[in-house]
>>> print(open('protein.csv').read())   # CSV, C-alpha atoms
chain,number,residue,atom,x,y,z
A,1162,MET,CA,-64.9,26.2,15.5
A,1163,PRO,CA,-62.0,24.7,17.5
A,1164,ARG,CA,-58.6,26.0,16.8
A,1165,GLN,CA,-56.5,23.7,14.5
A,1166,ARG,CA,-53.7,22.0,16.2
A,1167,MET,CA,-50.2,22.7,15.0
A,1168,ALA,CA,-48.4,19.9,13.2
A,1169,PRO,CA,-45.0,18.8,14.5
A,1170,GLY,CA,-42.4,21.3,13.5
A,1171,GLU,CA,-44.8,24.2,13.2
A,1172,TRP,CA,-44.9,27.3,15.5
A,1173,GLY,CA,-47.4,29.9,16.4
A,1174,LYS,CA,-47.5,33.7,16.4
A,1175,ILE,CA,-44.2,35.4,17.4
A,1176,THR,CA,-44.5,38.1,20.1
A,1177,VAL,CA,-41.7,40.5,21.0
A,1178,LYS,CA,-41.3,42.2,24.4
A,1179,LYS,CA,-39.1,45.1,25.3
A,1180,LEU,CA,-37.1,44.2,28.5
A,1181,GLY,CA,-35.0,47.4,28.6
A,1182,PRO,CA,-33.0,49.8,26.6
A,1183,GLY,CA,-31.6,47.9,23.6
A,1184,GLN,CA,-33.0,44.6,24.9
A,1185,PHE,CA,-35.8,42.7,23.2
A,1186,THR,CA,-37.1,39.1,23.5
A,1187,ALA,CA,-39.1,37.3,20.9
A,1188,SER,CA,-41.0,34.2,21.9
A,1189,THR,CA,-43.5,31.7,20.5
A,1190,TYR,CA,-44.8,28.2,21.1
A,1191,VAL,CA,-43.5,25.4,18.9
A,1192,ARG,CA,-44.7,21.8,18.6
A,1193,ASP,CA,-41.6,19.7,18.4
A,1194,GLU,CA,-41.2,16.4,16.5
A,1195,ASP,CA,-42.1,14.4,19.6
A,1196,GLY,CA,-45.5,16.2,19.6
A,1197,VAL,CA,-44.9,18.2,22.7
A,1198,ARG,CA,-45.7,22.0,22.7
A,1199,ARG,CA,-42.8,24.0,24.1
A,1200,GLN,CA,-42.0,27.7,24.4
A,1201,ALA,CA,-39.0,29.0,22.5
A,1202,GLU,CA,-37.4,32.5,22.8
A,1203,ARG,CA,-34.4,34.4,21.6
A,1204,SER,CA,-33.1,37.9,22.4
A,1205,GLY,CA,-31.7,40.8,20.3
A,1206,SER,CA,-30.8,44.5,20.5
A,1207,THR,CA,-33.8,45.5,18.4
A,1208,GLU,CA,-37.3,44.1,17.9
A,1209,GLU,CA,-36.4,42.9,14.4
A,1210,ALA,CA,-33.1,41.4,15.5
A,1211,ALA,CA,-34.8,39.4,18.2
A,1212,ARG,CA,-37.5,38.2,15.7
A,1213,ARG,CA,-34.8,37.1,13.2
A,1214,ALA,CA,-32.8,35.3,15.9
A,1215,LEU,CA,-35.9,33.3,16.9
A,1216,LEU,CA,-36.8,32.5,13.3
A,1217,ARG,CA,-33.2,31.2,12.7
A,1218,HIS,CA,-33.5,29.1,15.8
A,1219,LEU,CA,-36.9,27.7,14.8
A,1220,LYS,CA,-35.7,26.7,11.3
A,1221,LYS,CA,-32.8,24.7,12.8
A,1222,ARG,CA,-34.5,23.5,16.0
A,1223,THR,CA,-34.5,19.8,16.9
A,1224,THR,CA,-36.5,18.1,19.7
A,1225,PRO,CA,-34.7,18.6,23.1
A,1226,THR,CA,-33.6,15.3,24.6
A,1227,VAL,CA,-33.3,15.0,28.3
A,1228,GLY,CA,-29.9,13.7,29.4
A,1229,ALA,CA,-28.6,13.3,25.8
A,1230,VAL,CA,-24.9,12.6,25.4
A,1231,VAL,CA,-24.9,14.7,22.2
A,1232,SER,CA,-26.8,17.9,21.9
A,1233,GLU,CA,-26.7,21.2,19.9
A,1234,ARG,CA,-24.2,22.5,22.4
A,1235,THR,CA,-21.8,19.6,22.0
A,1236,SER,CA,-18.4,20.6,20.6
A,1237,LEU,CA,-16.7,18.5,18.0
A,1238,SER,CA,-14.0,17.6,20.5
A,1239,GLU,CA,-16.7,16.1,22.7
A,1240,LEU,CA,-18.4,14.5,19.7
A,1241,PHE,CA,-15.1,12.8,18.7
A,1242,ASP,CA,-14.8,11.3,22.2
A,1243,VAL,CA,-18.4,10.0,22.0
A,1244,TRP,CA,-17.9,8.5,18.5
A,1245,ILE,CA,-14.5,6.9,19.2
A,1246,ALA,CA,-16.0,5.3,22.4
A,1247,THR,CA,-18.4,3.4,20.1
A,1248,LYS,CA,-15.6,1.9,18.1
A,1249,ASP,CA,-14.6,-0.8,20.5
A,1250,HIS,CA,-15.1,-3.4,17.8
A,1251,LEU,CA,-12.1,-2.0,15.9
A,1252,LYS,CA,-8.5,-3.1,16.5
A,1253,ALA,CA,-6.5,-1.1,19.0
A,1254,GLN,CA,-4.2,0.2,16.2
A,1255,SER,CA,-7.1,1.5,14.2
A,1256,ARG,CA,-8.5,3.4,17.1
A,1257,ASP,CA,-5.1,4.8,17.9
A,1258,GLU,CA,-4.6,5.9,14.3
A,1259,TYR,CA,-7.9,7.8,14.4
A,1260,ARG,CA,-6.9,9.5,17.7
A,1261,ARG,CA,-3.6,10.5,16.3
A,1262,LEU,CA,-5.3,11.9,13.2
A,1263,TRP,CA,-7.8,13.9,15.2
A,1264,ALA,CA,-5.1,15.2,17.5
A,1265,LYS,CA,-3.1,16.5,14.6
A,1266,HIS,CA,-5.7,17.6,12.1
A,1267,GLY,CA,-8.9,18.0,14.0
A,1268,GLU,CA,-8.6,19.0,17.6
A,1269,SER,CA,-7.1,22.5,17.3
A,1270,GLN,CA,-8.6,23.2,13.8
A,1271,LEU,CA,-12.2,22.1,14.4
A,1272,GLY,CA,-12.6,20.9,18.0
A,1273,ALA,CA,-14.1,24.1,19.4
A,1274,LEU,CA,-16.9,24.3,16.9
A,1275,ARG,CA,-20.3,23.0,18.0
A,1276,VAL,CA,-22.1,20.3,16.1
A,1277,ARG,CA,-24.2,22.7,14.0
A,1278,GLU,CA,-21.3,25.0,13.2
A,1279,LEU,CA,-19.4,22.7,10.8
A,1280,SER,CA,-21.2,23.1,7.5
A,1281,THR,CA,-20.6,21.1,4.4
A,1282,SER,CA,-18.8,24.0,2.7
A,1283,ARG,CA,-16.6,24.7,5.7
A,1284,ALA,CA,-15.6,21.0,6.0
A,1285,GLU,CA,-15.0,20.9,2.2
A,1286,ARG,CA,-12.6,23.9,2.4
A,1287,TYR,CA,-10.6,22.5,5.3
A,1288,ILE,CA,-10.3,19.0,4.1
A,1289,ALA,CA,-9.1,20.2,0.7
A,1290,THR,CA,-6.0,21.7,2.4
A,1291,LEU,CA,-4.8,18.3,3.7
A,1292,PRO,CA,-2.6,15.7,2.0
A,1293,THR,CA,-4.7,13.1,0.2
A,1294,SER,CA,-4.3,10.3,2.6
A,1295,ARG,CA,-5.0,12.5,5.7
A,1296,ALA,CA,-8.0,14.1,3.9
A,1297,ARG,CA,-9.5,10.7,3.2
A,1298,MET,CA,-9.1,9.5,6.7
A,1299,LEU,CA,-10.4,12.7,8.3
A,1300,ARG,CA,-13.5,12.6,6.1
A,1301,VAL,CA,-14.1,9.0,7.3
A,1302,VAL,CA,-13.8,10.2,10.9
A,1303,LEU,CA,-16.1,13.2,10.4
A,1304,VAL,CA,-18.7,11.1,8.6
A,1305,GLY,CA,-18.7,8.8,11.6
A,1306,MET,CA,-18.9,11.6,14.1
A,1307,PHE,CA,-21.8,13.3,12.4
A,1308,ALA,CA,-23.6,10.0,11.9
A,1309,THR,CA,-23.6,9.9,15.7
A,1310,ALA,CA,-25.1,13.4,15.9
A,1311,VAL,CA,-27.8,12.3,13.4
A,1312,ARG,CA,-28.6,9.2,15.6
A,1313,TYR,CA,-29.1,11.5,18.6
A,1314,ASP,CA,-31.5,13.7,16.5
A,1315,VAL,CA,-29.3,16.7,16.8
A,1316,LEU,CA,-29.1,16.9,13.0
A,1317,ALA,CA,-31.5,15.7,10.3
A,1318,VAL,CA,-28.8,14.9,7.7
A,1319,ASN,CA,-25.1,14.2,7.8
A,1320,PRO,CA,-23.4,17.4,6.4
A,1321,ILE,CA,-20.1,15.5,5.7
A,1322,ARG,CA,-21.7,13.0,3.2
A,1323,GLU,CA,-21.5,15.6,0.4
A,1324,VAL,CA,-17.9,16.6,1.1
A,1325,THR,CA,-15.7,15.6,-1.9
A,1326,ARG,CA,-13.8,12.4,-1.5
A,1327,LYS,CA,-10.3,13.6,-2.2
A,1328,SER,CA,-8.5,11.2,-4.5
A,1329,GLY,CA,-5.0,10.9,-5.8
A,1330,LYS,CA,-3.7,9.1,-8.8
A,1331,ALA,CA,-2.6,5.7,-7.6
A,1332,ALA,CA,0.6,4.3,-9.1
A,1333,PRO,CA,-0.2,1.2,-11.2
A,1334,ALA,CA,0.9,-2.2,-9.9
A,1335,ARG,CA,4.4,-3.1,-11.0
A,1336,ALA,CA,6.0,-6.5,-10.8
A,1337,LEU,CA,9.7,-7.3,-10.9
A,1338,THR,CA,11.0,-9.1,-13.9
A,1339,PRO,CA,13.1,-12.2,-13.2
A,1340,GLU,CA,16.2,-10.1,-14.1
A,1341,GLU,CA,15.2,-7.4,-11.7
A,1342,PHE,CA,14.5,-9.9,-8.9
A,1343,ALA,CA,18.0,-11.3,-9.4
A,1344,VAL,CA,19.5,-7.9,-9.2
A,1345,VAL,CA,17.6,-7.2,-5.9
A,1346,ARG,CA,18.8,-10.4,-4.3
A,1347,SER,CA,22.4,-9.7,-5.4
A,1348,ALA,CA,22.3,-6.1,-4.1
A,1349,VAL,CA,20.9,-7.3,-0.7
A,1350,GLN,CA,23.6,-9.9,-0.4
A,1351,VAL,CA,26.3,-7.3,-1.1
A,1352,TYR,CA,24.7,-4.9,1.4
A,1353,ARG,CA,24.6,-7.3,4.3
A,1354,GLU,CA,28.1,-8.6,3.7
A,1355,ARG,CA,29.7,-5.2,3.1
A,1356,PRO,CA,33.1,-4.8,4.9
A,1357,GLY,CA,33.8,-2.1,7.5
A,1358,VAL,CA,30.6,-2.4,9.4
A,1359,SER,CA,31.0,-3.0,13.2
A,1360,GLY,CA,28.3,-4.3,15.4
A,1361,PRO,CA,25.0,-5.9,14.4
A,1362,ARG,CA,24.6,-5.7,10.6
A,1363,PRO,CA,21.5,-4.0,9.3
A,1364,GLY,CA,19.5,-6.2,7.0
A,1365,ARG,CA,20.7,-9.4,8.7
A,1366,LEU,CA,17.6,-11.4,7.6
A,1367,LEU,CA,16.6,-9.2,4.7
A,1368,LEU,CA,17.5,-11.8,2.0
A,1369,GLU,CA,15.5,-14.6,3.7
A,1370,PHE,CA,12.6,-12.2,4.1
A,1371,ILE,CA,12.6,-11.3,0.4
A,1372,ASP,CA,12.8,-14.9,-0.6
A,1373,VAL,CA,9.8,-15.9,1.5
A,1374,MET,CA,7.9,-12.9,0.3
A,1375,ALA,CA,8.6,-13.6,-3.4
A,1376,SER,CA,7.7,-17.3,-2.9
A,1377,THR,CA,4.4,-16.8,-1.2
A,1378,GLY,CA,2.9,-13.3,-1.9
A,1379,CYS,CA,1.9,-13.0,1.8
A,1380,ARG,CA,1.7,-9.6,3.3
A,1381,PRO,CA,5.0,-8.3,4.8
A,1382,ASN,CA,3.7,-8.1,8.3
A,1383,GLU,CA,2.2,-11.6,8.1
A,1384,VAL,CA,5.5,-13.0,7.1
A,1385,LEU,CA,7.1,-11.2,10.0
A,1386,GLY,CA,4.4,-12.6,12.3
A,1387,LEU,CA,5.2,-16.2,11.4
A,1388,ARG,CA,6.0,-18.6,14.2
A,1389,TRP,CA,7.9,-21.9,13.7
A,1390,SER,CA,4.6,-23.7,14.6
A,1391,ASP,CA,3.2,-22.1,11.4
A,1392,VAL,CA,5.8,-23.7,9.2
A,1393,ASP,CA,6.0,-27.4,8.1
A,1394,LEU,CA,9.1,-28.0,6.1
A,1395,LEU,CA,8.8,-31.8,6.4
A,1396,ALA,CA,5.3,-32.0,4.9
A,1397,ASP,CA,4.8,-33.0,1.3
A,1398,PRO,CA,4.5,-30.4,-0.1
A,1399,PRO,CA,6.0,-28.1,2.6
A,1400,THR,CA,3.6,-25.4,3.8
A,1401,MET,CA,3.4,-22.2,5.7
A,1402,THR,CA,0.3,-20.8,7.4
A,1403,ALA,CA,-0.3,-17.1,8.1
A,1404,ASP,CA,-2.6,-16.5,11.0
A,1405,GLY,CA,-1.2,-13.4,12.7
A,1406,THR,CA,0.4,-10.1,12.0
A,1407,ALA,CA,3.5,-8.3,13.4
A,1408,LEU,CA,2.6,-4.8,14.4
A,1409,ASP,CA,5.4,-2.2,14.3
A,1410,HIS,CA,6.4,0.4,16.9
A,1411,GLY,CA,3.7,3.0,17.6
A,1412,LYS,CA,0.9,1.1,15.9
A,1413,VAL,CA,-0.7,0.6,19.3
A,1414,THR,CA,0.0,3.3,22.0
A,1415,GLY,CA,2.4,2.1,24.6
A,1416,LYS,CA,3.5,-1.0,22.8
A,1417,GLY,CA,6.6,-1.9,20.8
A,1418,VAL,CA,6.8,-4.5,18.0
A,1419,HIS,CA,4.4,-7.3,18.9
A,1420,ARG,CA,2.3,-10.0,17.3
A,1421,GLN,CA,-1.4,-9.7,16.8
A,1422,ASP,CA,-3.1,-13.1,16.7
A,1423,GLU,CA,-5.2,-12.5,13.7
A,1424,ARG,CA,-4.8,-11.4,10.1
A,1425,LYS,CA,-5.9,-8.1,8.4
A,1426,GLY,CA,-9.6,-7.6,8.7
A,1427,GLY,CA,-10.0,-10.7,10.8
A,1428,ALA,CA,-9.5,-12.9,7.8
A,1429,PRO,CA,-9.1,-16.7,8.4
A,1430,ALA,CA,-5.7,-18.3,8.5
A,1431,HIS,CA,-4.2,-18.8,5.0
A,1432,THR,CA,-1.9,-21.7,4.1
A,1433,VAL,CA,0.4,-21.6,1.1
A,1434,VAL,CA,2.6,-24.3,-0.5
A,1435,LEU,CA,6.3,-23.3,-0.3
A,1436,PRO,CA,8.5,-23.3,-3.4
A,1437,LYS,CA,12.1,-24.3,-3.3
A,1438,LEU,CA,13.4,-20.8,-2.7
A,1439,ALA,CA,11.3,-20.3,0.4
A,1440,VAL,CA,12.2,-23.8,1.7
A,1441,GLU,CA,15.9,-23.1,1.4
A,1442,ALA,CA,15.5,-19.7,3.2
A,1443,LEU,CA,13.4,-21.1,6.0
A,1444,THR,CA,15.7,-24.2,6.4
A,1445,GLY,CA,18.6,-21.8,6.9
A,1446,LEU,CA,16.7,-19.9,9.6
A,1447,PHE,CA,15.6,-23.0,11.4
A,1448,GLY,CA,19.0,-23.6,12.8
A,1449,ASN,CA,18.5,-20.6,15.1
A,1450,ALA,CA,15.0,-21.7,16.3
A,1451,THR,CA,14.6,-22.1,20.0
A,1452,ASP,CA,10.9,-22.1,20.5
A,1453,ALA,CA,8.0,-23.5,18.4
A,1454,GLU,CA,6.0,-20.4,19.3
A,1455,GLY,CA,8.9,-18.0,18.7
A,1456,PRO,CA,9.2,-15.8,15.6
A,1457,VAL,CA,10.7,-17.2,12.4
A,1458,PHE,CA,12.2,-13.8,11.7
A,1459,ALA,CA,13.6,-12.9,15.1
A,1460,ASN,CA,15.5,-9.8,16.1
A,1461,ARG,CA,18.8,-9.9,17.9
A,1462,ASP,CA,16.9,-10.3,21.2
A,1463,GLY,CA,14.7,-13.1,19.9
A,1464,GLY,CA,11.7,-10.9,19.6
A,1465,TRP,CA,9.5,-9.8,16.7
A,1466,MET,CA,11.2,-7.9,13.9
A,1467,SER,CA,10.3,-4.4,12.8
A,1468,LEU,CA,9.1,-4.0,9.2
A,1469,ALA,CA,10.2,-0.4,9.3
A,1470,ASN,CA,13.8,-1.5,9.9
A,1471,LEU,CA,13.7,-4.0,7.1
A,1472,ARG,CA,12.1,-1.5,4.8
A,1473,ARG,CA,14.9,1.0,5.6
A,1474,SER,CA,17.6,-1.7,4.9
A,1475,LEU,CA,16.0,-2.5,1.6
A,1476,ARG,CA,16.0,1.1,0.5
A,1477,SER,CA,19.7,1.3,1.4
A,1478,ALA,CA,20.6,-1.9,-0.4
A,1479,LEU,CA,18.9,-1.2,-3.7
A,1480,PRO,CA,20.5,0.5,-6.7
A,1481,ASP,CA,18.9,3.8,-7.9
A,1482,GLU,CA,17.1,2.2,-10.8
A,1483,LEU,CA,15.3,-0.2,-8.4
A,1484,ARG,CA,14.4,2.3,-5.6
A,1485,TRP,CA,10.7,1.8,-6.5
A,1486,VAL,CA,10.8,-1.7,-5.0
A,1487,THR,CA,9.2,-2.0,-1.6
A,1488,PRO,CA,8.3,-5.1,0.5
A,1489,TYR,CA,4.8,-5.0,-1.1
A,1490,SER,CA,6.4,-5.2,-4.6
A,1491,PHE,CA,7.0,-8.9,-4.0
A,1492,ARG,CA,3.3,-9.5,-3.2
A,1493,ARG,CA,2.4,-7.8,-6.5
A,1494,THR,CA,5.1,-9.8,-8.3
A,1495,VAL,CA,3.7,-13.1,-7.1
A,1496,ALA,CA,0.2,-12.1,-8.1
A,1497,THR,CA,1.3,-11.1,-11.6
A,1498,VAL,CA,3.4,-14.2,-12.1
A,1499,VAL,CA,0.7,-16.5,-11.0
A,1500,ARG,CA,-1.9,-14.6,-13.1
A,1501,ASP,CA,0.2,-14.8,-16.2
A,1502,ASP,CA,0.7,-18.6,-15.9
A,1503,LEU,CA,-2.5,-19.8,-14.2
A,1504,GLY,CA,-5.0,-17.0,-14.5
A,1505,PRO,CA,-6.4,-14.3,-12.2
A,1506,ALA,CA,-8.5,-16.6,-10.0
A,1507,GLN,CA,-5.4,-18.5,-8.9
A,1508,ALA,CA,-3.6,-15.2,-8.2
A,1509,GLN,CA,-6.6,-14.2,-6.0
A,1510,ALA,CA,-6.4,-17.6,-4.2
A,1511,GLN,CA,-2.7,-17.2,-3.6
A,1512,LEU,CA,-3.0,-13.8,-2.1
A,1513,SER,CA,-6.1,-14.8,-0.1
A,1514,HIS,CA,-8.3,-11.9,-1.2
A,1515,ALA,CA,-12.1,-12.2,-0.6
A,1516,LYS,CA,-12.8,-10.5,-3.9
A,1517,LEU,CA,-11.1,-10.9,-7.3
A,1518,SER,CA,-11.5,-7.2,-8.0
A,1519,THR,CA,-9.1,-6.4,-5.1
A,1520,THR,CA,-6.4,-8.5,-6.7
A,1521,GLU,CA,-7.0,-7.1,-10.2
A,1522,GLN,CA,-7.2,-3.5,-9.1
A,1523,HIS,CA,-4.3,-3.3,-6.7
A,1524,TYR,CA,-1.9,-6.2,-7.3
A,1525,LEU,CA,-1.8,-7.3,-10.9
A,1526,GLN,CA,0.5,-5.5,-13.4
A,1527,ARG,CA,-1.6,-4.4,-16.3
A,1528,GLN,CA,-1.2,-6.5,-19.5
A,1529,THR,CA,-0.2,-4.4,-22.4
A,1530,GLN,CA,-0.3,-7.0,-25.2
A,1531,GLY,CA,-3.4,-8.7,-26.4
A,1532,PRO,CA,-3.7,-12.4,-27.1
A,1533,ASP,CA,-3.3,-14.0,-30.5
A,1534,VAL,CA,-6.9,-14.2,-31.6
A,1535,ARG,CA,-6.3,-14.2,-35.3
A,1536,GLY,CA,-8.2,-17.5,-35.9
A,1537,THR,CA,-11.3,-16.3,-34.0
A,1538,LEU,CA,-11.5,-13.0,-35.9
A,1539,ASP,CA,-10.7,-14.6,-39.2
A,1540,ARG,CA,-13.6,-17.0,-38.8
A,1541,TYR,CA,-15.9,-14.1,-37.9
A,1542,ALA,CA,-14.8,-12.1,-41.0
A,1543,GLU,CA,-15.4,-15.1,-43.2
A,1544,GLY,CA,-18.9,-15.7,-41.8
A,1545,LYS,CA,-18.0,-19.0,-40.2
>>> encode(input="protein.csv", output="structure tokens")
Amino acid sequence: MPRQRMAPGEWGKITVKKLGPGQFTASTYVRDEDGVRRQAERSGSTEEAARRALLRHLKKRTTPTVGAVVSERTSLSELFDVWIATKDHLKAQSRDEYRRLWAKHGESQLGALRVRELSTSRAERYIATLPTSRARMLRVVLVGMFATAVRYDVLAVNPIREVTRKSGKAAPARALTPEEFAVVRSAVQVYRERPGVSGPRPGRLLLEFIDVMASTGCRPNEVLGLRWSDVDLLADPPTMTADGTALDHGKVTGKGVHRQDERKGGAPAHTVVLPKLAVEALTGLFGNATDAEGPVFANRDGGWMSLANLRRSLRSALPDELRWVTPYSFRRTVATVVRDDLGPAQAQAQLSHAKLSTTEQHYLQRQTQGPDVRGTLDRYAEGK
């Protein structure tokens, strides 16, 4: 009767040979997942140690791939380089952010480990030590890296998939009341006109920036990425089109503040109708315009303005009770005001979100008073 052929993943009888004092080698033949029969061997200081070493290897063994970019011997530092090289579809600032994260939280802590040496439990313990935002991003990076290892058949499953997604309690969306908005504008005016300040005044265009933000709900970096060709103050009604983003210092390695000619996530251009407050702010700025393709919010040298600088000026200008206000607070305020008057669908349209759930979850202040539904419930109770 012919001998039964081994199935892929099975191995034969293990034999152990003594090579010298305290030196043993265990070997067997294994049929890999590609159907090829290969010899596998491992050594140990005793016969049993060599046998156990070979069994451990056989249980974790994957099919050898000739010339593979990723193998069992690949370190995580090398795996990161392979993975990030596949991310050429991402924007430069996203790739640079991943590189900075890995350099700070991955390279020295995990980089020397080989692909099979980072278990789920080890990854779980390390990621748990990081701040929430860094932990979330590192998990994303590691999931991507180990997905690459799975695609190269080095691993059967991705060990990072089961690592806990670290979550923090997000602050609820908060909108400014009309009274609070008036206080913010007044505080900013006082701040930029304060006496005793020599040289260029911080917050020179902060009030106009706030007025446009609170009139449109556009993202702060989209407002700072506006060109005069994007603004039509003579149209009826006057409009503004956001189709680019101003990127701050350090977002892209080697570049200062500059304009990216597309919106977040590659979203299409978004046009909004300008209320009176925005028209007045932009009309005041138009007197300094020199180039249709130049920035609406220009720095002293005529270049693109830094959001970090404006954010710093806003913090300095605000009274203590309004220190919670950030540039994004005006986007949330617009969403909430439009929702309260016209409904959530119009708020979504104003903010240019692809999904209503994004607007509702992150930008609308929660309603804490129910509607007057007495008539509806009275009719129900009366059986009508």
>>> residues_around(input="protein.csv", residues="Asp1397 of chain A", least_positions_apart="5", cutoff="12 Å", atoms="only C-alpha atoms", output="mmCIF file with C-alpha atoms, keeping the file's coordinate frame")
data_model
loop_
_atom_site.group_PDB
_atom_site.id
_atom_site.type_symbol
_atom_site.label_atom_id
_atom_site.label_comp_id
_atom_site.auth_asym_id
_atom_site.auth_seq_id
_atom_site.Cartn_x
_atom_site.Cartn_y
_atom_site.Cartn_z
ATOM 1 C CA VAL A 1434 2.600 -24.300 -0.500
ATOM 2 C CA LEU A 1435 6.300 -23.300 -0.300
ATOM 3 C CA PRO A 1436 8.500 -23.300 -3.400
ATOM 4 C CA VAL A 1440 12.200 -23.800 1.700
#
>>> closest_residue(input="protein.csv", among="A:Lys1412, A:Arg1213, A:Lys1330, A:Arg1277", to="Val1311 of chain A", atoms="only C-alpha atoms")
A:Arg1277
>>> atom_distance(input="protein.csv", atom1="atom CA of Pro1182 of chain A", atom2="atom CA of Ser1206 of chain A")
8.4 Å
>>> atom_distance(input="protein.csv", atom1="atom CA of Phe1241 of chain A", atom2="atom CA of Met1306 of chain A")
6.1 Å
>>> residues_around(input="protein.csv", residues="Leu1303 of chain A", least_positions_apart="4", cutoff="8 Å", atoms="only C-alpha atoms", output="PyMOL selection string")
chain A and resi 1299+1307+1321
>>> residues_around(input="protein.csv", residues="segment 1521-1527 of chain A", least_positions_apart="5", cutoff="6 Å", atoms="all atoms listed in the file", output="ChimeraX atom specification")
/A:1334-1335,1493,1496-1497
>>> atom_distance(input="protein.csv", atom1="atom CA of Ala1317 of chain A", atom2="atom CA of Ala1210 of chain A")
26.3 Å
>>> closest_residue(input="protein.csv", among="A:Lys1425, A:Arg1535, A:Arg1212, A:Lys1327", to="Met1298 of chain A", atoms="all atoms listed in the file")
A:Lys1327
>>> closest_residue(input="protein.csv", among="A:Asp1249, A:Asp1452, A:Asp1314, A:Asp1372", to="Lys1221 of chain A", atoms="all atoms listed in the file")
A:Asp1314
>>> residues_around(input="protein.csv", residues="segment 1265-1275 of chain A", least_positions_apart="3", cutoff="10 Å", atoms="only C-alpha atoms", output="PyMOL selection string")
chain A and resi 1232-1241+1259-1262+1278-1279+1284+1287-1288+1291+1295-1296+1299+1302-1303
>>> residues_near_point(input="protein.csv", point="(3.1, -12.1, 4.1)", cutoff="10 Å", atoms="all atoms listed in the file", output="list in words")
Phe1370, Val1373, Met1374, Ala1375, Ser1376, Thr1377, Gly1378, Cys1379, Arg1380, Pro1381, Asn1382, Glu1383, Val1384, Leu1385, Gly1386, Leu1387, Thr1402, Ala1403, Asp1404, Gly1405, Thr1406, Arg1424, His1431, Pro1488, Tyr1489, Phe1491, Arg1492 and Leu1512 of chain A
>>> write_last_selection(input="protein.csv", atoms="C-alpha atoms", output="compact mmCIF listing (two decimals), in the coordinates of the input")
# COMPACT_ATOMS: atom_id res chain seq x y z
CA PHE A 1370 12.60 -12.20 4.10
CA VAL A 1373 9.80 -15.90 1.50
CA MET A 1374 7.90 -12.90 0.30
CA ALA A 1375 8.60 -13.60 -3.40
CA SER A 1376 7.70 -17.30 -2.90
CA THR A 1377 4.40 -16.80 -1.20
CA GLY A 1378 2.90 -13.30 -1.90
CA CYS A 1379 1.90 -13.00 1.80
CA ARG A 1380 1.70 -9.60 3.30
CA PRO A 1381 5.00 -8.30 4.80
CA ASN A 1382 3.70 -8.10 8.30
CA GLU A 1383 2.20 -11.60 8.10
CA VAL A 1384 5.50 -13.00 7.10
CA LEU A 1385 7.10 -11.20 10.00
CA GLY A 1386 4.40 -12.60 12.30
CA LEU A 1387 5.20 -16.20 11.40
CA THR A 1402 0.30 -20.80 7.40
CA ALA A 1403 -0.30 -17.10 8.10
CA ASP A 1404 -2.60 -16.50 11.00
CA GLY A 1405 -1.20 -13.40 12.70
CA THR A 1406 0.40 -10.10 12.00
CA ARG A 1424 -4.80 -11.40 10.10
CA HIS A 1431 -4.20 -18.80 5.00
CA PRO A 1488 8.30 -5.10 0.50
CA TYR A 1489 4.80 -5.00 -1.10
CA PHE A 1491 7.00 -8.90 -4.00
CA ARG A 1492 3.30 -9.50 -3.20
CA LEU A 1512 -3.00 -13.80 -2.10
>>> closest_residue(input="protein.csv", among="A:Glu1208, A:Glu1171, A:Asp1393, A:Asp1257", to="Arg1222 of chain A", atoms="all atoms listed in the file")
A:Glu1171
>>> closest_residue(input="protein.csv", among="A:Asp1502, A:Glu1369, A:Asp1391, A:Glu1482", to="Thr1444 of chain A", atoms="all atoms listed in the file")
A:Glu1369
>>> closest_residue(input="protein.csv", among="A:Gly1426, A:Leu1475, A:Gly1445, A:Ala1336", to="Arg1500 of chain A", atoms="all atoms listed in the file")
A:Ala1336
>>> residues_around(input="protein.csv", residues="Thr1189 of chain A", least_positions_apart="5", cutoff="12 Å", atoms="all atoms listed in the file", output="list in words")
Glu1171, Trp1172, Gly1173, Lys1174, Ile1175, Thr1176, Val1177, Lys1178, Arg1198, Arg1199, Gln1200, Ala1201, Glu1202, Arg1203, Ala1211, Arg1212, Leu1215, Leu1216, His1218 and Leu1219 of chain A
